[in-house]
Structure formats: C-alpha cells, structure tokens
>>> print(open('input11.cif').read())   # mmCIF, C-alpha atoms and all ligand atoms
data_structure
#
loop_
_atom_site.label_atom_id
_atom_site.label_comp_id
_atom_site.auth_asym_id
_atom_site.auth_seq_id
_atom_site.Cartn_x
_atom_site.Cartn_y
_atom_site.Cartn_z
CA MET W 27 -41.79 -1.58 7.40
CA ARG W 28 -39.32 -1.92 4.57
CA ASN W 29 -39.23 1.85 4.16
CA SER W 30 -38.58 2.51 7.82
CA LEU W 31 -35.72 0.02 7.82
CA ALA W 32 -34.16 1.78 4.85
CA THR W 33 -34.55 5.12 6.61
CA LEU W 34 -32.84 3.70 9.68
CA MET W 35 -29.89 2.43 7.63
CA VAL W 36 -29.45 5.82 6.00
CA ALA W 37 -29.63 7.51 9.39
CA LEU W 38 -26.96 5.22 10.85
CA ALA W 39 -24.57 5.29 7.88
CA PRO W 40 -22.68 8.44 8.94
CA PHE W 41 -21.91 6.88 12.34
CA ALA W 42 -20.48 3.76 10.73
CA ALA W 43 -18.23 5.96 8.61
CA LEU W 44 -16.89 7.67 11.73
CA ALA W 45 -15.60 4.37 13.13
CA ALA W 46 -12.55 4.51 10.87
CA THR W 47 -10.20 7.39 10.16
CA PRO W 48 -9.91 7.35 6.37
CA LYS W 49 -6.82 8.90 4.92
CA THR W 50 -5.54 9.26 1.36
CA THR W 51 -1.84 9.35 0.58
CA VAL W 52 -0.04 9.61 -2.74
CA LEU W 53 3.11 7.55 -3.25
CA ASP W 54 5.72 8.09 -5.95
CA VAL W 55 6.47 4.59 -7.19
CA GLN W 56 9.70 3.53 -8.92
CA ASN W 57 10.37 0.67 -11.33
CA MET W 58 6.96 0.58 -13.05
CA THR W 59 8.17 -0.20 -16.56
CA CYS W 60 5.31 -2.04 -18.25
CA ASN W 61 1.52 -2.27 -18.15
CA LEU W 62 1.54 -5.19 -15.71
CA CYS W 63 3.57 -3.40 -13.06
CA PRO W 64 0.66 -1.27 -11.80
CA VAL W 65 -1.33 -4.46 -11.21
CA THR W 66 1.40 -5.83 -8.97
CA VAL W 67 1.72 -2.55 -7.08
CA LYS W 68 -2.05 -2.30 -6.65
CA LYS W 69 -2.25 -5.85 -5.28
CA SER W 70 0.65 -5.32 -2.90
CA LEU W 71 -1.12 -2.28 -1.46
CA GLU W 72 -4.61 -3.77 -1.30
CA HIS W 73 -3.25 -6.80 0.58
CA VAL W 74 -2.27 -4.53 3.48
CA PRO W 75 -4.98 -4.82 6.16
CA GLY W 76 -6.77 -1.49 6.50
CA VAL W 77 -6.25 -0.38 2.89
CA SER W 78 -9.61 0.17 1.20
CA GLN W 79 -8.49 1.38 -2.21
CA ALA W 80 -5.33 1.76 -4.28
CA ARG W 81 -5.38 3.59 -7.59
CA ILE W 82 -2.25 3.45 -9.73
CA ASP W 83 -1.39 6.05 -12.34
CA PHE W 84 1.10 4.41 -14.71
CA GLU W 85 1.83 7.64 -16.60
CA LYS W 86 2.57 9.67 -13.48
CA LYS W 87 4.12 6.70 -11.60
CA THR W 88 1.99 7.30 -8.56
CA ALA W 89 -0.22 5.27 -6.27
CA THR W 90 -3.13 6.98 -4.56
CA VAL W 91 -4.00 4.93 -1.51
CA THR W 92 -7.04 5.24 0.72
CA PHE W 93 -6.64 3.53 4.08
CA ASP W 94 -7.75 3.47 7.70
CA ALA W 95 -5.22 5.62 9.55
CA ASP W 96 -6.07 3.79 12.78
CA LYS W 97 -4.70 0.55 11.30
CA VAL W 98 -2.07 1.50 8.73
CA THR W 99 0.71 4.06 8.44
CA ALA W 100 2.21 5.44 5.25
CA ALA W 101 5.47 3.68 6.18
CA THR W 102 3.66 0.33 5.94
CA LEU W 103 2.41 1.24 2.45
CA VAL W 104 5.94 2.15 1.35
CA LYS W 105 7.22 -1.16 2.71
CA ALA W 106 4.47 -3.09 0.88
CA THR W 107 5.39 -1.72 -2.56
CA THR W 108 9.11 -1.93 -1.81
CA ASP W 109 8.81 -5.59 -0.81
CA ALA W 110 6.99 -6.20 -4.12
CA GLY W 111 9.98 -4.75 -6.02
CA TYR W 112 8.71 -1.18 -6.40
CA PRO W 113 10.38 1.21 -3.95
CA SER W 114 8.15 4.19 -3.21
CA THR W 115 8.18 7.42 -1.30
CA VAL W 116 5.34 9.43 0.20
CA ARG W 117 4.60 12.54 -1.82
CA LYS W 118 4.62 15.57 0.46
CU CU R 201 5.97 -4.65 -15.53
#
>>> encode(input="input11.cif", output="structure tokens", more="lines below")
Ligand SMILES: [Cu+2]
Amino acid sequence: MRNSLATLMVALAPFAALAATPKTTVLDVQNMTCNLCPVTVKKSLEHVPGVSQARIDFEKKTATVTFDADKVTAATLVKATTDAGYPSTVRK
C-alpha cells in the first residue's frame, strides 16, 4: 500500500510541475558594496509572490532568479531590487 502510494506520487509529479511556467532570468544588480547587500537583494526578490529562488553572485553583481512566468514578469523583479536600493537591469 505504501509502495503504491509512492509510485502514484512519482507518476503525478511531472503534471504538478506543468502547472507553473518556470523561468530563470539573470539581473545585473548595482550598488552591492558589502557582504550584506546580497542578503537584502535576495530577500527583496524572494518576497515577490511567484519567485521560487534567487541566487546572488556578489563577485559578478548578478541575481539569478527562478520564478513562475504566469505570476511574475522580469519588470517586477527589477522593481523589487530597485525599491530595496539596488537598481537592476535584465541581462539579455
Ligand atoms: Cu552592503
């Protein structure tokens, strides 16, 4: 019984993943001057509904954001970091 339930969950997982349209965008972020800045930028991005992950590269001054494209646009991500004091642009 336990095994068949596990099999069912595995079988259904791909359909759950299709419900969202995941997208990854890289932002060039300005004003990150110390080690705490990336934390602020990461929080500002992860507070946007629909964002599932934000990875900040302090050396490269970038934010790699994974989000649900059905709920969020890149413009919203740019606004989120900009409002937090870190203007950003979408890397083409
Ligand atoms: Cu700082």
>>> atom_distance(input="input11.cif", atom1="atom CA of Pro64 of chain W", atom2="atom CA of Asp94 of chain W")
21.8 Å
>>> closest_residue(input="input11.cif", among="W:Ser114, W:Thr90, W:Gln56, W:Thr108", to="ligand CU 201 (chain R)", atoms="all atoms listed in the file")
W:Gln56
>>> atom_distance(input="input11.cif", atom1="atom CA of Lys49 of chain W", atom2="atom CA of Leu62 of chain W")
26.3 Å
>>> residues_near_ligand(input="input11.cif", ligand="ligand CU 201 (chain R)", cutoff="6 Å", atoms="only C-alpha atoms and all ligand atoms", output="JSON, numbers by chain")
{"W": [58, 59, 60, 61, 62, 63]}
>>> closest_residue(input="input11.cif", among="W:Thr33, W:Lys86, W:Thr92, W:Val116", to="Val104 of chain W", atoms="only C-alpha atoms")
W:Val116
>>> atom_distance(input="input11.cif", atom1="atom CA of Thr66 of chain W", atom2="atom CA of Phe84 of chain W")
11.7 Å
>>> closest_residue(input="input11.cif", among="W:Ile82, W:Ala110, W:Val91, W:Val74", to="Pro48 of chain W", atoms="all atoms listed in the file")
W:Val91
>>> residues_around(input="input11.cif", residues="Asp54 of chain W", least_positions_apart="5", cutoff="7 Å", atoms="all atoms listed in the file", output="JSON, numbers by chain")
{"W": [87, 88, 89, 114, 115, 116, 117]}
>>> closest_residue(input="input11.cif", among="W:Val67, W:Val52, W:Ala95, W:Ala100", to="Pro113 of chain W", atoms="all atoms listed in the file")
W:Val67
>>> closest_residue(input="input11.cif", among="W:Lys118, W:Ser30, W:Asp96, W:Gly111", to="Pro75 of chain W", atoms="all atoms listed in the file")
W:Asp96
